[in-house]
$ cat structure_4.txt   # compact mmCIF, C-alpha atoms and all ligand atoms
# COMPACT_ATOMS: atom_id res chain seq x y z
CA MET A 1 -23.37 11.29 6.76
CA ASN A 2 -24.67 12.17 3.27
CA SER A 3 -23.39 14.72 0.79
CA SER A 4 -25.34 15.78 -2.33
CA PHE A 5 -24.63 17.56 -5.62
CA GLY A 6 -26.81 18.58 -8.58
CA GLU A 7 -30.39 19.35 -9.46
CA LYS A 8 -31.38 17.69 -12.72
CA ILE A 9 -29.10 14.76 -11.92
CA LYS A 10 -28.73 14.65 -8.13
CA ILE A 11 -26.08 12.45 -6.57
CA THR A 12 -26.01 11.66 -2.84
CA ILE A 13 -22.84 10.01 -1.55
CA PHE A 14 -23.09 8.10 1.74
CA GLY A 15 -21.05 5.99 4.15
CA GLY A 16 -17.53 6.45 5.47
CA SER A 17 -14.04 5.11 4.94
CA HIS A 18 -14.21 2.57 7.80
CA GLU A 19 -17.99 1.91 7.74
CA PRO A 20 -19.21 -1.39 6.29
CA GLU A 21 -19.92 0.28 2.94
CA ILE A 22 -19.92 3.45 0.85
CA GLY A 23 -22.34 4.23 -1.95
CA VAL A 24 -24.29 6.64 -4.09
CA HIS A 25 -27.96 7.37 -4.85
CA ILE A 26 -28.38 8.90 -8.31
CA GLN A 27 -31.64 10.65 -9.06
CA GLY A 28 -32.86 11.77 -12.50
CA LEU A 29 -30.97 9.48 -14.88
CA PRO A 30 -32.96 8.91 -18.09
CA ARG A 31 -35.21 5.87 -17.55
CA PHE A 32 -34.77 2.77 -19.71
CA THR A 33 -31.26 3.87 -20.70
CA ALA A 34 -28.60 1.21 -20.20
CA PHE A 35 -24.95 1.30 -19.15
CA ASP A 36 -22.26 -1.35 -19.21
CA LEU A 37 -21.32 -2.69 -15.77
CA LYS A 38 -18.01 -4.17 -16.93
CA GLU A 39 -16.91 -0.82 -18.35
CA LEU A 40 -18.05 0.88 -15.14
CA GLN A 41 -15.96 -1.58 -13.09
CA GLU A 42 -12.90 -0.92 -15.29
CA PHE A 43 -13.31 2.79 -14.63
CA LEU A 44 -13.53 2.15 -10.87
CA ASP A 45 -10.34 0.06 -11.11
CA GLU A 46 -8.45 3.12 -12.42
CA ARG A 47 -9.08 4.90 -9.10
CA ALA A 48 -8.94 1.90 -6.73
CA PRO A 49 -6.26 2.06 -4.03
CA GLY A 50 -3.32 -0.26 -3.46
CA ASN A 51 -2.46 -1.18 -7.04
CA SER A 52 0.93 0.51 -7.51
CA PRO A 53 3.94 1.77 -5.52
CA PHE A 54 2.59 5.32 -6.04
CA THR A 55 -0.56 4.85 -3.95
CA THR A 56 -1.69 3.93 -0.47
CA THR A 57 -1.11 0.27 0.46
CA ARG A 58 -4.78 -0.13 1.46
CA LYS A 59 -5.80 -2.59 -1.24
CA GLU A 60 -9.53 -2.65 -1.98
CA PRO A 61 -11.24 -4.46 -4.88
CA ASP A 62 -13.91 -1.72 -5.07
CA LEU A 63 -16.46 -4.03 -6.67
CA VAL A 64 -19.58 -2.13 -7.77
CA ARG A 65 -22.82 -3.58 -6.35
CA PRO A 66 -26.06 -2.46 -8.04
CA GLU A 67 -28.63 -2.26 -5.23
CA ARG A 68 -31.76 -0.46 -6.42
CA GLY A 69 -33.51 0.94 -9.49
CA LEU A 70 -31.67 -1.17 -12.06
CA ARG A 71 -32.51 -4.29 -14.06
CA ILE A 72 -29.38 -6.31 -14.80
CA ILE A 73 -29.21 -8.20 -18.09
CA ASP A 74 -25.77 -9.82 -18.45
CA ASN A 75 -23.31 -6.90 -18.28
CA LEU A 76 -25.97 -4.29 -18.94
CA ALA A 77 -27.72 -2.30 -16.24
CA VAL A 78 -31.03 -0.78 -17.38
CA ILE A 79 -32.26 2.23 -15.39
CA THR A 80 -35.83 1.36 -14.37
CA GLU A 81 -36.56 3.79 -11.50
CA PRO A 82 -36.13 7.53 -10.81
CA VAL A 83 -33.46 6.78 -8.16
CA VAL A 84 -30.72 4.19 -8.57
CA THR A 85 -28.39 3.07 -5.77
CA LEU A 86 -25.01 1.39 -6.06
CA THR A 87 -22.59 0.52 -3.27
CA ILE A 88 -19.05 -0.73 -2.60
CA ALA A 89 -18.00 -2.77 0.47
CA ASN A 90 -15.10 -1.57 2.63
CA THR A 91 -13.06 -4.72 3.08
CA ASN A 92 -9.66 -3.57 4.34
CA THR A 93 -10.06 -1.14 7.23
CA ARG A 94 -7.43 -0.81 9.98
CA SER A 95 -9.08 1.56 12.42
CA GLU A 96 -6.40 1.13 15.13
CA ASP A 97 -4.10 3.35 12.99
CA TYR A 98 -6.45 6.23 13.84
CA LYS A 99 -6.87 5.72 17.63
CA ASN A 100 -4.46 8.43 18.78
CA LEU A 101 -5.70 10.88 16.11
CA ARG A 102 -8.98 11.42 17.98
CA ASP A 103 -6.96 13.31 20.56
CA ILE A 104 -3.99 14.47 18.47
CA PRO A 105 -5.27 15.82 15.15
CA ARG A 106 -3.21 15.44 11.98
CA PRO A 107 -1.99 18.78 10.62
CA GLY A 108 -3.56 19.30 7.17
CA HIS A 109 -6.37 16.73 7.53
CA ALA A 110 -9.99 17.19 8.69
CA ASP A 111 -9.46 15.70 12.20
CA TYR A 112 -9.39 19.02 14.06
CA THR A 113 -12.21 20.81 12.21
CA ALA A 114 -14.45 17.68 12.29
CA TRP A 115 -13.88 17.51 16.07
CA ILE A 116 -14.83 21.20 16.42
CA LYS A 117 -18.04 20.66 14.45
CA TYR A 118 -19.15 17.12 15.40
CA GLY A 119 -17.22 16.30 18.58
CA ASN A 120 -16.89 12.54 18.96
CA ARG A 121 -20.18 11.78 17.14
CA LEU A 122 -18.43 10.93 13.86
CA ASN A 123 -16.38 7.84 13.05
CA MET A 124 -13.28 9.61 11.73
CA ALA A 125 -11.22 6.43 11.26
CA GLY A 126 -9.78 6.43 7.75
CA GLY A 127 -10.81 10.09 7.46
CA GLY A 128 -14.53 9.11 7.83
CA PRO A 129 -16.78 10.98 5.40
CA PHE A 130 -13.89 13.36 4.55
CA SER A 131 -11.80 10.52 3.14
CA ALA A 132 -10.82 10.20 -0.49
CA ARG A 133 -12.54 6.83 -0.18
CA MET A 134 -15.74 8.80 -0.88
CA THR A 135 -14.44 9.48 -4.39
CA ALA A 136 -15.16 5.80 -5.23
CA PRO A 137 -18.96 6.37 -5.22
CA LEU A 138 -18.31 9.66 -7.03
CA CYS A 139 -16.61 7.56 -9.71
CA ILE A 140 -19.64 5.23 -9.87
CA ALA A 141 -21.91 8.18 -10.70
CA GLY A 142 -19.22 9.71 -12.95
CA GLY A 143 -18.56 6.41 -14.74
CA ILE A 144 -22.26 6.12 -15.59
CA ALA A 145 -22.32 9.79 -16.68
CA LEU A 146 -19.26 9.21 -18.91
CA GLN A 147 -21.07 6.38 -20.70
CA LEU A 148 -24.25 8.44 -21.17
CA LEU A 149 -22.26 11.44 -22.42
CA ARG A 150 -20.37 9.30 -24.93
CA LYS A 151 -23.75 8.48 -26.50
CA GLU A 152 -24.09 12.26 -27.04
CA GLY A 153 -20.62 12.35 -28.62
CA VAL A 154 -19.00 14.06 -25.59
CA GLU A 155 -15.54 12.76 -24.64
CA ILE A 156 -13.87 13.52 -21.32
CA GLY A 157 -10.20 12.88 -20.63
CA ALA A 158 -7.60 13.88 -18.04
CA HIS A 159 -3.89 13.63 -17.35
CA LEU A 160 -1.42 14.37 -14.60
CA TYR A 161 -0.36 17.88 -15.64
CA SER A 162 2.29 18.15 -12.93
CA VAL A 163 3.77 16.57 -9.82
CA GLY A 164 5.77 18.99 -7.68
CA SER A 165 7.71 21.03 -10.26
CA ILE A 166 7.71 18.30 -12.97
CA ARG A 167 5.38 19.03 -15.89
CA ASP A 168 3.81 16.63 -18.37
CA ALA A 169 3.84 17.39 -22.12
CA ALA A 170 1.22 19.97 -23.10
CA LEU A 171 -2.30 19.01 -24.09
CA ASN A 172 -3.48 20.35 -27.47
CA PRO A 173 -6.20 22.79 -26.30
CA LEU A 174 -7.84 22.82 -29.76
CA ASN A 175 -8.21 19.05 -30.01
CA PRO A 176 -7.18 17.40 -26.72
CA ASP A 177 -6.40 13.73 -26.68
CA ILE A 178 -4.60 11.54 -24.12
CA PRO A 179 -2.72 8.61 -25.63
CA THR A 180 -2.95 5.44 -23.56
CA THR A 181 0.43 5.14 -21.87
CA SER A 182 1.94 2.56 -19.57
CA GLY A 183 -0.65 2.65 -16.79
CA PHE A 184 0.60 6.04 -15.52
CA PRO A 185 -1.69 8.95 -16.47
CA THR A 186 0.71 11.22 -18.38
CA ILE A 187 0.98 12.16 -22.08
CA SER A 188 4.80 11.95 -21.99
CA ARG A 189 6.27 8.67 -20.80
CA GLU A 190 9.52 10.49 -19.89
CA ALA A 191 7.71 13.05 -17.73
CA GLY A 192 5.79 10.17 -16.13
CA GLU A 193 9.06 8.45 -15.18
CA LYS A 194 10.38 11.67 -13.57
CA MET A 195 7.11 12.10 -11.66
CA LYS A 196 7.32 8.52 -10.39
CA GLU A 197 10.87 9.19 -9.11
CA GLU A 198 9.69 12.38 -7.39
CA ILE A 199 6.79 10.56 -5.70
CA LEU A 200 8.98 7.69 -4.51
CA SER A 201 11.61 10.11 -3.25
CA ALA A 202 8.97 12.03 -1.24
CA ARG A 203 7.64 8.74 0.18
CA LYS A 204 11.17 7.60 1.11
CA ALA A 205 11.71 10.87 2.97
CA GLY A 206 8.50 10.22 4.97
CA ASP A 207 6.88 13.06 3.05
CA SER A 208 4.33 13.69 0.28
CA VAL A 209 4.09 15.84 -2.86
CA GLY A 210 1.28 17.81 -4.57
CA GLY A 211 0.19 17.91 -8.18
CA ILE A 212 -2.20 19.25 -10.80
CA VAL A 213 -4.74 17.30 -12.89
CA GLU A 214 -5.85 18.73 -16.23
CA VAL A 215 -9.28 17.59 -17.43
CA TYR A 216 -11.05 18.30 -20.72
CA ALA A 217 -14.40 17.72 -22.41
CA LYS A 218 -14.63 17.81 -26.19
CA ASN A 219 -17.59 17.80 -28.59
CA CYS A 220 -19.67 19.44 -25.89
CA PRO A 221 -22.58 21.33 -27.48
CA ALA A 222 -22.26 25.13 -27.69
CA GLY A 223 -24.83 27.00 -25.61
CA LEU A 224 -24.75 25.18 -22.25
CA GLY A 225 -24.73 27.35 -19.13
CA GLY A 226 -25.75 30.98 -18.64
CA PRO A 227 -24.70 34.18 -16.90
CA MET A 228 -23.35 34.43 -13.35
CA TYR A 229 -24.41 31.49 -11.15
CA ASP A 230 -25.73 29.50 -14.14
CA GLY A 231 -22.29 29.63 -15.73
CA VAL A 232 -20.42 26.43 -16.56
CA GLU A 233 -17.54 27.40 -14.22
CA SER A 234 -20.11 28.07 -11.46
CA VAL A 235 -21.71 24.63 -11.96
CA LEU A 236 -18.44 22.68 -12.23
CA SER A 237 -16.55 24.35 -9.39
CA PRO A 238 -18.63 22.92 -6.49
CA ILE A 239 -18.28 19.37 -7.76
CA PHE A 240 -14.54 19.91 -8.34
CA PHE A 241 -14.08 21.39 -4.86
CA GLY A 242 -15.99 18.41 -3.42
CA ILE A 243 -12.94 16.29 -4.25
CA PRO A 244 -10.77 16.14 -1.11
CA ALA A 245 -7.47 18.03 -1.28
CA VAL A 246 -8.46 20.29 -4.22
CA LYS A 247 -7.13 23.76 -3.39
CA GLY A 248 -7.38 25.58 -6.71
CA ILE A 249 -9.23 25.43 -10.02
CA GLU A 250 -8.53 27.25 -13.27
CA PHE A 251 -10.38 27.20 -16.57
CA GLY A 252 -8.66 27.79 -19.90
CA ALA A 253 -5.57 29.99 -19.52
CA GLY A 254 -6.68 30.54 -15.89
CA PHE A 255 -4.25 32.48 -13.68
CA ALA A 256 -1.82 32.90 -16.59
CA ALA A 257 -4.45 35.06 -18.39
CA SER A 258 -3.90 37.73 -15.73
CA GLY A 259 -0.37 38.20 -17.05
CA MET A 260 -1.39 38.60 -20.69
CA ARG A 261 -2.53 41.49 -22.86
CA GLY A 262 -6.06 41.29 -24.30
CA SER A 263 -4.60 40.95 -27.79
CA GLU A 264 -2.77 37.83 -26.61
CA ASN A 265 -5.54 36.27 -24.52
CA ASN A 266 -8.50 36.86 -26.88
CA ASP A 267 -9.13 33.83 -29.07
CA PRO A 268 -9.76 34.96 -32.68
CA PHE A 269 -12.93 33.57 -34.26
CA ARG A 270 -12.93 31.94 -37.69
CA MET A 271 -15.24 29.81 -39.81
CA GLU A 272 -14.36 26.15 -40.14
CA GLY A 273 -16.62 23.78 -42.12
CA GLY A 274 -19.55 26.18 -41.65
CA GLN A 275 -18.98 26.38 -37.88
CA VAL A 276 -17.60 29.14 -35.68
CA ARG A 277 -14.32 28.01 -34.06
CA THR A 278 -11.48 29.84 -32.34
CA SER A 279 -7.82 29.71 -33.45
CA THR A 280 -6.56 29.44 -29.87
CA ASN A 281 -8.38 28.26 -26.74
CA HIS A 282 -7.39 30.50 -23.83
CA HIS A 283 -11.10 30.71 -22.95
CA GLY A 284 -11.17 26.97 -22.21
CA GLY A 285 -14.43 26.46 -24.10
CA ILE A 286 -16.42 28.89 -21.90
CA LEU A 287 -17.31 32.54 -22.64
CA GLY A 288 -19.71 34.41 -20.36
CA GLY A 289 -20.41 31.13 -18.53
CA ILE A 290 -21.70 29.55 -21.78
CA THR A 291 -19.98 26.80 -23.78
CA SER A 292 -18.56 27.97 -27.12
CA GLY A 293 -18.28 24.50 -28.65
CA MET A 294 -14.47 24.53 -28.23
CA PRO A 295 -13.01 21.96 -25.78
CA ILE A 296 -13.69 22.75 -22.11
CA ILE A 297 -10.41 22.69 -20.20
CA ALA A 298 -9.89 22.88 -16.42
CA ARG A 299 -6.92 22.32 -14.10
CA LEU A 300 -7.35 21.20 -10.48
CA ALA A 301 -4.52 21.79 -8.00
CA PHE A 302 -4.12 19.09 -5.32
CA LYS A 303 -2.23 19.77 -2.13
CA PRO A 304 0.34 17.23 -0.91
CA THR A 305 -1.16 14.38 1.15
CA PRO A 306 -1.57 15.60 4.73
CA SER A 307 -0.82 12.20 6.38
CA ILE A 308 2.96 11.89 6.23
CA ALA A 309 5.36 9.64 8.12
CA LYS A 310 7.64 12.50 9.27
CA ALA A 311 7.14 13.65 12.86
CA GLN A 312 4.94 16.77 13.00
CA GLN A 313 3.91 19.38 15.54
CA SER A 314 0.33 19.00 16.86
CA VAL A 315 -1.61 19.26 20.14
CA SER A 316 -3.45 16.97 22.57
CA LEU A 317 -7.04 18.22 22.56
CA SER A 318 -7.82 16.56 25.93
CA ARG A 319 -4.62 17.60 27.77
CA LYS A 320 -4.36 20.98 25.99
CA GLU A 321 -0.64 20.48 25.50
CA ASN A 322 1.69 20.57 22.53
CA GLU A 323 2.49 17.13 21.15
CA THR A 324 4.73 15.59 18.54
CA LEU A 325 2.73 13.37 16.21
CA SER A 326 4.01 10.39 14.26
CA ILE A 327 1.40 8.94 11.92
CA ARG A 328 1.31 5.22 11.23
CA GLY A 329 -0.85 3.88 8.45
CA ARG A 330 -1.31 3.60 4.73
CA HIS A 331 -1.37 6.77 2.68
CA ASP A 332 -0.97 8.04 -0.88
CA PRO A 333 2.37 9.82 -1.30
CA CYS A 334 0.73 11.96 -4.05
CA VAL A 335 -3.07 12.14 -4.15
CA ALA A 336 -3.11 13.69 -7.64
CA VAL A 337 -2.24 10.34 -9.28
CA ARG A 338 -5.45 8.57 -8.29
CA ALA A 339 -7.40 11.82 -8.64
CA VAL A 340 -7.11 11.69 -12.46
CA PRO A 341 -10.21 9.46 -13.01
CA VAL A 342 -11.97 11.31 -10.17
CA CYS A 343 -11.63 14.62 -12.09
CA ARG A 344 -13.10 12.96 -15.20
CA ALA A 345 -16.00 11.67 -13.09
CA ALA A 346 -16.67 15.12 -11.61
CA MET A 347 -16.58 16.83 -15.03
CA ALA A 348 -18.97 14.18 -16.44
CA ILE A 349 -21.56 14.60 -13.66
CA GLY A 350 -21.47 18.41 -13.95
CA LEU A 351 -21.86 18.37 -17.75
CA LEU A 352 -24.56 15.68 -17.76
CA ASN A 353 -26.54 17.87 -15.36
CA MET A 354 -26.34 20.80 -17.78
CA ILE A 355 -27.07 18.74 -20.91
CA MET A 356 -30.15 17.17 -19.27
CA GLU A 357 -31.35 20.62 -18.19
CA GLU A 358 -31.00 21.89 -21.76
CA LYS A 359 -33.15 18.97 -22.99
CA GLU A 360 -36.10 19.92 -20.76
C1 LIG A 401 -7.43 10.35 -4.63
C2 LIG A 401 -7.13 10.92 -3.28
C3 LIG A 401 -6.42 10.16 -2.36
C4 LIG A 401 -6.12 10.67 -1.09
N1 LIG A 401 -5.42 9.90 -0.22
C5 LIG A 401 -5.09 10.39 1.00
C6 LIG A 401 -4.34 9.60 1.92
O1 LIG A 401 -3.95 8.48 1.65
N2 LIG A 401 -4.06 10.15 3.12
C7 LIG A 401 -4.45 11.42 3.47
O2 LIG A 401 -4.15 11.86 4.55
N3 LIG A 401 -5.14 12.17 2.61
C8 LIG A 401 -5.49 11.69 1.39
N4 LIG A 401 -6.23 12.47 0.53
C9 LIG A 401 -6.56 13.85 0.92
C10 LIG A 401 -7.51 13.96 2.10
O3 LIG A 401 -8.66 13.16 1.93
C11 LIG A 401 -7.89 15.44 2.32
O4 LIG A 401 -6.74 16.23 2.31
C12 LIG A 401 -8.62 15.61 3.65
O5 LIG A 401 -9.89 15.01 3.59
C13 LIG A 401 -8.78 17.07 4.09
O6 LIG A 401 -9.55 17.77 3.15
P1 LIG A 401 -8.96 19.06 2.38
O7 LIG A 401 -7.57 18.72 1.98
O8 LIG A 401 -9.88 19.21 1.18
O9 LIG A 401 -9.00 20.20 3.33
C14 LIG A 401 -6.55 11.98 -0.74
C15 LIG A 401 -7.27 12.75 -1.68
C16 LIG A 401 -7.56 12.24 -2.93
C17 LIG A 401 -8.32 13.06 -3.92
C1 LIG A 402 -8.93 3.88 0.84
C2 LIG A 402 -8.69 4.90 0.04
O1 LIG A 402 -7.75 5.88 0.32
C3 LIG A 402 -7.62 6.30 1.65
C4 LIG A 402 -7.77 7.81 1.65
C5 LIG A 402 -7.40 8.40 2.95
C6 LIG A 402 -7.80 9.79 3.19
O2 LIG A 402 -7.55 10.30 4.29
O3 LIG A 402 -8.36 10.47 2.28
C7 LIG A 402 -6.65 7.70 3.88
C8 LIG A 402 -6.24 6.29 3.70
O4 LIG A 402 -7.19 5.46 4.37
P1 LIG A 402 -6.78 4.19 5.31
O5 LIG A 402 -6.02 4.71 6.45
O6 LIG A 402 -8.08 3.56 5.69
O7 LIG A 402 -5.95 3.28 4.44
C9 LIG A 402 -6.24 5.91 2.22
O8 LIG A 402 -5.96 4.55 2.06
C10 LIG A 402 -9.41 5.08 -1.23
O9 LIG A 402 -9.21 6.12 -1.87
O10 LIG A 402 -10.19 4.18 -1.62

$ encode --input "structure_4.txt" --output "structure tokens"
Amino acid sequence: MNSSFGEKIKITIFGGSHEPEIGVHIQGLPRFTAFDLKELQEFLDERAPGNSPFTTTRKEPDLVRPERGLRIIDNLAVITEPVVTLTIANTNTRSEDYKNLRDIPRPGHADYTAWIKYGNRLNMAGGGPFSARMTAPLCIAGGIALQLLRKEGVEIGAHLYSVGSIRDAALNPLNPDIPTTSGFPTISREAGEKMKEEILSARKAGDSVGGIVEVYAKNCPAGLGGPMYDGVESVLSPIFFGIPAVKGIEFGAGFAASGMRGSENNDPFRMEGGQVRTSTNHHGGILGGITSGMPIIARLAFKPTPSIAKAQQSVSLSRKENETLSIRGRHDPCVAVRAVPVCRAAMAIGLLNMIMEEKE
């Protein structure tokens, strides 16, 4: 099953969690531009599963394989064709964990709705095409987009804004920057330690916990986007909602703006070095759907992982009876942790689309 996003840059993600491979076709990248494969692999490694006690135990190397449309010279990949294809092998599938879930759907996952729509035609082991595994090819496209955007001066970063009720230190909305910490994606090391405890405590209880990822883009040119459906929020939201388990998105002050007065929420304009800037950034870099030149800021709310070890109430679809379900298998206790690079990838693809459109 394929899933596509974008017009100027079109990505098509294919494969499934327990198929031989997953991958992405990317159409419309500027020809004869190069990107660094080693840097792309390092970006993929940030998302890869199985590398810490805070993720699923399904360990995958997630090695990027250039397949089509690229000429490889040492670590450089030069884009030579209108469509490029890259893949990743699935090397560590354990489909027997999913046998009983064909009949007894997991509460909170896509098992039941996929059965309603596709019956038994889809290989749903590992979550099939609904799995977070599909965010690996998203990160291939996003990792390439991040490198191309950096050439334009655009920087995209993200951090774990919260896990359960524990909040990270605040990002500076006027000049966001994420210091490199100890391998855990928070600004504050102390907040990171508390989040780790919360995640391990949920896992120990056979449970899971939700979280929020905050993502920013700075040095983005003013003037991208347009009114209504051409707006930056309208372009970014579909790619953000394509990430499994995303249940809410806010830009700038977001929902909190609804509790403010206009005098508090409006960002005063001022001149700075001959350029129009704002003194605060409640608008998150977007006014009327168009970028203002201030940092773009979005927060993505992730629900707690649906697959939990605790016994849950479900049904047998064949016997039409209530059932108690106990899930075996390997699952993230908090999906938001590994979603941090995924949010950067999604933001990069969305913005590259708009920047390329502007260049036409
Ligand atoms: C990085 C990441 C890792 C995830 N890991 C798991 C997991 O291990 N187990 C699981 O049940 N769901 C996991 N999910 C969430 C499911 O894929 C998702 O909840 C499911 O496909 C249903 O889609 P929905 O939540 O968008 O409705 C993960 C999501 C992300 C973004
Ligand atoms: C493999 C990844 O995460 C998977 C995401 C996932 C889900 O339901 O989304 C379920 C689990 O799959 P499995 O049962 O095959 O181990 C996770 O391990 C990955 O992100 O690369």

$ residues_around --input "structure_4.txt" --residues "range 176-180 of chain A" --least-positions-apart "2" --cutoff "10 Å" --atoms "all atoms listed in the file" --output "list in words"
Glu155, Ile156, Gly157, Ala158, His159, Ala170, Leu171, Asn172, Pro173, Leu174, Ser182, Gly183, Phe184, Pro185, Thr186, Ile187, Ser188, Val215, Tyr216, Ala217, Lys218, Pro295, Ile296 and Ile297 of chain A

$ residues_near_ligand --input "structure_4.txt" --ligand "ligand LIG 401 (chain A)" --cutoff "8 Å" --atoms "only C-alpha atoms and all ligand atoms" --output "NGL selection string"
:A and (47 or 55-56 or 108-110 or 127 or 130-133 or 135 or 241-247 or 302-308 or 330-340 or 342)

$ residues_around --input "structure_4.txt" --residues "Thr85 in chain A" --least-positions-apart "3" --cutoff "12 Å" --atoms "all atoms listed in the file" --output "PyMOL selection string"
chain A and resi 10-14+22-29+64-71+77+79-82+88+137+140-141+144

$ atom_distance --input "structure_4.txt" --atom1 "CA of Lys99 in chain A" --atom2 "atom C9 of ligand LIG 402 (chain A)"
15.4 Å

$ closest_residue --input "structure_4.txt" --among "A:Arg277, A:Arg94, A:Lys204, A:Arg299" --to "ligand LIG 402 (chain A)" --atoms "all atoms listed in the file"
A:Arg94

$ residues_around --input "structure_4.txt" --residues "Gly206 in chain A" --least-positions-apart "4" --cutoff "8 Å" --atoms "all atoms listed in the file" --output "PDB file with C-alpha atoms, in the frame of the given file"
ATOM      1  CA  ALA A 202       8.970  12.030  -1.240  1.00  0.00           C
ATOM      2  CA  ILE A 308       2.960  11.890   6.230  1.00  0.00           C
ATOM      3  CA  ALA A 309       5.360   9.640   8.120  1.00  0.00           C
ATOM      4  CA  LYS A 310       7.640  12.500   9.270  1.00  0.00           C
TER       5      LYS A 310
END

$ closest_residue --input "structure_4.txt" --among "A:Ser17, A:Ser318, A:Thr87, A:Ser4" --to "ligand LIG 402 (chain A)" --atoms "all atoms listed in the file"
A:Ser17

$ closest_residue --input "structure_4.txt" --among "A:Thr113, A:Glu214, A:Phe54, A:Glu321" --to "Lys196 in chain A" --atoms "only C-alpha atoms"
A:Phe54

$ closest_residue --input "structure_4.txt" --among "A:Ile9, A:Met356, A:Val78, A:Leu63" --to "ligand LIG 402 (chain A)" --atoms "all atoms listed in the file"
A:Leu63

$ closest_residue --input "structure_4.txt" --among "A:Ser162, A:Gln41, A:Gly274, A:Pro53" --to "Ser201 in chain A" --atoms "all atoms listed in the file"
A:Pro53

$ closest_residue --input "structure_4.txt" --among "A:Glu323, A:Glu96, A:Glu264, A:Asp111" --to "His283 in chain A" --atoms "all atoms listed in the file"
A:Glu264

$ residues_around --input "structure_4.txt" --residues "Gly128 in chain A" --least-positions-apart "5" --cutoff "9 Å" --atoms "all atoms listed in the file" --output "list in words"
Gly15, Gly16, Ser17, His18, Glu19, Leu122, Asn123, Arg133 and Met134 of chain A

$ residues_around --input "structure_4.txt" --residues "Ile166 in chain A" --least-positions-apart "6" --cutoff "8 Å" --atoms "all atoms listed in the file" --output "list in words"
Ala191, Lys194 and Met195 of chain A
